[in-house]
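First up is the structure itself, then whatever we jot down about it.
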Amino acid sequence: MDEELHEQIRDVVRKIPSGRVATYGDVADLSRAPSPRLVGQVLNHDGHDVPWHRVLRANGTCAPHIAEEQLQRLAAEGVLSNDGKINLHTYRWEDAAKAKSEDDPPSLF
DNA sequence: ATGCTGACCATGT
DNA sequence: CACATGGCCAGCA
């Protein structure tokens, strides 16, 4: 069922620690989602139970409609934005980038 | 099936 | 920064 995907995505989003943010692409990758778009669609439809506000776009900005709420919630967690843009270099969820880079094929090459 | 939309991403001009 | 192009995938009329 596709519900697996929803579960995976929501699970990953829940995993994002406070004071940190992740991009849709990261969540998509960690959740095995076929594409970052799916993350957005799932959150829009069924993301009320997860800290969706910790998910930003790849360039550190948030979607227009939720921007206000997102910025407010993030600010409350210590994630400050500059002109509506978050400094990914500072606040990006390290574990996400790690998991991506942690792909360590032992005996190949 | 086709066409459009959407909380996306990257690159180029 | 704005805009255009191409790729991505699911849901709906």
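As shown in the structure tokens, the chain order sets the letters A, B, ...; within each chain, residues go from 1, and ligands are also counted from 1 in the order they appear.
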
Would you tabulate, counting only C-alpha atoms (C1' of nucleotides), all residues of chain A that have an atom at most 10 Å from an atom of chain B, showing the closest pair of atoms and their distance in Å to one decimal, sorted by chain then ascending number, as CSV?
residue,atom,partner,partner_atom,distance
A:Thr23,CA,B:DC8,C1',9.7
A:Tyr24,CA,B:DC8,C1',7.1
A:Gly25,CA,B:DC8,C1',7.6
A:Ser35,CA,B:DC8,C1',8.0
A:Pro36,CA,B:DC8,C1',5.4
A:Arg37,CA,B:DC8,C1',4.9
A:Leu38,CA,B:DC8,C1',8.5
A:Val39,CA,B:DA7,C1',8.2
A:Gly40,CA,B:DA7,C1',4.7
A:Gln41,CA,B:DA7,C1',7.0
A:Val42,CA,B:DA7,C1',9.0
A:Leu43,CA,B:DA7,C1',7.1
A:Asn44,CA,B:DA7,C1',6.3
A:His45,CA,B:DA7,C1',9.9
A:Trp52,CA,B:DA7,C1',9.1
A:His53,CA,B:DA7,C1',9.9
A:Val55,CA,B:DA7,C1',9.0
A:Leu56,CA,B:DA7,C1',8.7
A:Arg57,CA,B:DC8,C1',7.4
A:Ala58,CA,B:DC9,C1',7.3
A:Asn59,CA,B:DC9,C1',9.4
A:Cys62,CA,B:DA7,C1',7.9
A:Ala63,CA,B:DA7,C1',5.5
A:Pro64,CA,B:DA7,C1',8.3
A:His65,CA,B:DA7,C1',8.0
A:Ile66,CA,B:DA7,C1',7.5
A:Ala67,CA,B:DA7,C1',9.6

Go ahead and write the selection's residues with N, CA and C atoms as a PDB file, in the first residue's frame.
ATOM      1  N   THR A  23      15.385  19.389   4.472  1.00  0.00           N
ATOM      2  CA  THR A  23      14.750  19.793   3.212  1.00  0.00           C
ATOM      3  C   THR A  23      13.831  18.678   2.724  1.00  0.00           C
ATOM      4  N   TYR A  24      12.940  19.030   1.850  1.00  0.00           N
ATOM      5  CA  TYR A  24      12.021  18.032   1.289  1.00  0.00           C
ATOM      6  C   TYR A  24      12.834  16.922   0.630  1.00  0.00           C
ATOM      7  N   GLY A  25      13.889  17.324  -0.025  1.00  0.00           N
ATOM      8  CA  GLY A  25      14.727  16.332  -0.708  1.00  0.00           C
ATOM      9  C   GLY A  25      15.330  15.353   0.281  1.00  0.00           C
ATOM     10  N   SER A  35      10.175  10.931  -4.883  1.00  0.00           N
ATOM     11  CA  SER A  35      10.497  12.310  -5.260  1.00  0.00           C
ATOM     12  C   SER A  35      10.082  13.257  -4.149  1.00  0.00           C
ATOM     13  N   PRO A  36      10.772  14.374  -4.015  1.00  0.00           N
ATOM     14  CA  PRO A  36      10.477  15.362  -2.968  1.00  0.00           C
ATOM     15  C   PRO A  36       9.045  15.877  -3.062  1.00  0.00           C
ATOM     16  N   ARG A  37       8.505  15.892  -4.247  1.00  0.00           N
ATOM     17  CA  ARG A  37       7.120  16.369  -4.415  1.00  0.00           C
ATOM     18  C   ARG A  37       6.177  15.561  -3.557  1.00  0.00           C
ATOM     19  N   LEU A  38       6.423  14.269  -3.475  1.00  0.00           N
ATOM     20  CA  LEU A  38       5.543  13.409  -2.706  1.00  0.00           C
ATOM     21  C   LEU A  38       5.516  13.831  -1.254  1.00  0.00           C
ATOM     22  N   VAL A  39       6.669  14.252  -0.750  1.00  0.00           N
ATOM     23  CA  VAL A  39       6.738  14.682   0.645  1.00  0.00           C
ATOM     24  C   VAL A  39       5.762  15.830   0.873  1.00  0.00           C
ATOM     25  N   GLY A  40       5.810  16.800  -0.002  1.00  0.00           N
ATOM     26  CA  GLY A  40       4.907  17.942   0.124  1.00  0.00           C
ATOM     27  C   GLY A  40       3.461  17.514   0.056  1.00  0.00           C
ATOM     28  N   GLN A  41       3.154  16.650  -0.872  1.00  0.00           N
ATOM     29  CA  GLN A  41       1.764  16.228  -1.023  1.00  0.00           C
ATOM     30  C   GLN A  41       1.293  15.465   0.192  1.00  0.00           C
ATOM     31  N   VAL A  42       2.153  14.611   0.708  1.00  0.00           N
ATOM     32  CA  VAL A  42       1.771  13.829   1.888  1.00  0.00           C
ATOM     33  C   VAL A  42       1.578  14.740   3.087  1.00  0.00           C
ATOM     34  N   LEU A  43       2.501  15.665   3.280  1.00  0.00           N
ATOM     35  CA  LEU A  43       2.387  16.585   4.410  1.00  0.00           C
ATOM     36  C   LEU A  43       1.113  17.404   4.289  1.00  0.00           C
ATOM     37  N   ASN A  44       0.804  17.813   3.093  1.00  0.00           N
ATOM     38  CA  ASN A  44      -0.381  18.635   2.876  1.00  0.00           C
ATOM     39  C   ASN A  44      -1.646  17.851   3.218  1.00  0.00           C
ATOM     40  N   HIS A  45      -1.616  16.576   2.914  1.00  0.00           N
ATOM     41  CA  HIS A  45      -2.809  15.762   3.125  1.00  0.00           C
ATOM     42  C   HIS A  45      -2.852  15.125   4.507  1.00  0.00           C
ATOM     43  N   TRP A  52       5.916  19.296  10.684  1.00  0.00           N
ATOM     44  CA  TRP A  52       6.147  19.678   9.291  1.00  0.00           C
ATOM     45  C   TRP A  52       6.918  20.995   9.191  1.00  0.00           C
ATOM     46  N   HIS A  53       6.841  21.793  10.269  1.00  0.00           N
ATOM     47  CA  HIS A  53       7.489  23.107  10.206  1.00  0.00           C
ATOM     48  C   HIS A  53       9.004  22.985  10.182  1.00  0.00           C
ATOM     49  N   VAL A  55      10.503  21.180   8.029  1.00  0.00           N
ATOM     50  CA  VAL A  55      10.843  20.798   6.654  1.00  0.00           C
ATOM     51  C   VAL A  55      10.814  22.025   5.751  1.00  0.00           C
ATOM     52  N   LEU A  56      11.956  22.321   5.156  1.00  0.00           N
ATOM     53  CA  LEU A  56      12.059  23.495   4.280  1.00  0.00           C
ATOM     54  C   LEU A  56      12.427  23.089   2.873  1.00  0.00           C
ATOM     55  N   ARG A  57      12.460  24.081   1.984  1.00  0.00           N
ATOM     56  CA  ARG A  57      12.889  23.801   0.614  1.00  0.00           C
ATOM     57  C   ARG A  57      14.408  23.690   0.596  1.00  0.00           C
ATOM     58  N   ALA A  58      14.916  23.298  -0.555  1.00  0.00           N
ATOM     59  CA  ALA A  58      16.355  23.035  -0.681  1.00  0.00           C
ATOM     60  C   ALA A  58      17.184  24.297  -0.495  1.00  0.00           C
ATOM     61  N   ASN A  59      16.602  25.438  -0.736  1.00  0.00           N
ATOM     62  CA  ASN A  59      17.377  26.675  -0.630  1.00  0.00           C
ATOM     63  C   ASN A  59      17.169  27.365   0.711  1.00  0.00           C
ATOM     64  N   CYS A  62      10.741  28.585   2.879  1.00  0.00           N
ATOM     65  CA  CYS A  62       9.576  27.732   3.064  1.00  0.00           C
ATOM     66  C   CYS A  62       8.500  28.122   2.063  1.00  0.00           C
ATOM     67  N   ALA A  63       7.557  27.250   1.888  1.00  0.00           N
ATOM     68  CA  ALA A  63       6.477  27.508   0.934  1.00  0.00           C
ATOM     69  C   ALA A  63       5.705  28.752   1.363  1.00  0.00           C
ATOM     70  N   PRO A  64       5.186  29.516   0.426  1.00  0.00           N
ATOM     71  CA  PRO A  64       4.524  30.804   0.663  1.00  0.00           C
ATOM     72  C   PRO A  64       3.362  30.748   1.650  1.00  0.00           C
ATOM     73  N   HIS A  65       2.462  29.804   1.494  1.00  0.00           N
ATOM     74  CA  HIS A  65       1.254  29.764   2.343  1.00  0.00           C
ATOM     75  C   HIS A  65       1.565  29.512   3.812  1.00  0.00           C
ATOM     76  N   ILE A  66       2.579  28.674   4.075  1.00  0.00           N
ATOM     77  CA  ILE A  66       2.865  28.275   5.448  1.00  0.00           C
ATOM     78  C   ILE A  66       4.003  29.081   6.044  1.00  0.00           C
ATOM     79  N   ALA A  67       4.606  29.927   5.269  1.00  0.00           N
ATOM     80  CA  ALA A  67       5.795  30.663   5.683  1.00  0.00           C
ATOM     81  C   ALA A  67       5.652  31.277   7.071  1.00  0.00           C
TER      82      ALA A  67
END

| What residues in chain C have any atom no more than 9 Å from chain A when counting only C-alpha atoms (C1' of nucleotides), and can you write them as an NGL selection string? | :C and (8-10)

| query | DSSP says helix (DSSP H, G or I) for which residues of chain A? Put them as a ChimeraX atom specification? | reply | /A:3-15,24-30,36-46,52-54,67-76,88-91,94-101

| task | Write out as a ChimeraX atom specification which residues come within 8 Å of Val79 in chain A when counting only C-alpha atoms (C1' of nucleotides), dropping same-chain ones fewer than 5 positions away. | result | /A:19-20,74,86,91

| What separation in Å, quoted to one decimal, exists between CA of Arg92 in chain A and CA of Val13 in chain A? | 13.1 Å

| field | Which of chain A DSSP labels strand (DSSP E), written as a ChimeraX atom specification | value | /A:22-23,55-56,81-82,85-86

| task | Show which residues sit within 10 Å of Ser18 in chain A, as a ChimeraX atom specification. Count only C-alpha atoms (C1' of nucleotides), and ignore same-chain residues fewer than 2 positions away. | result | /A:14-16,20-21,51,54,74,76-79,93
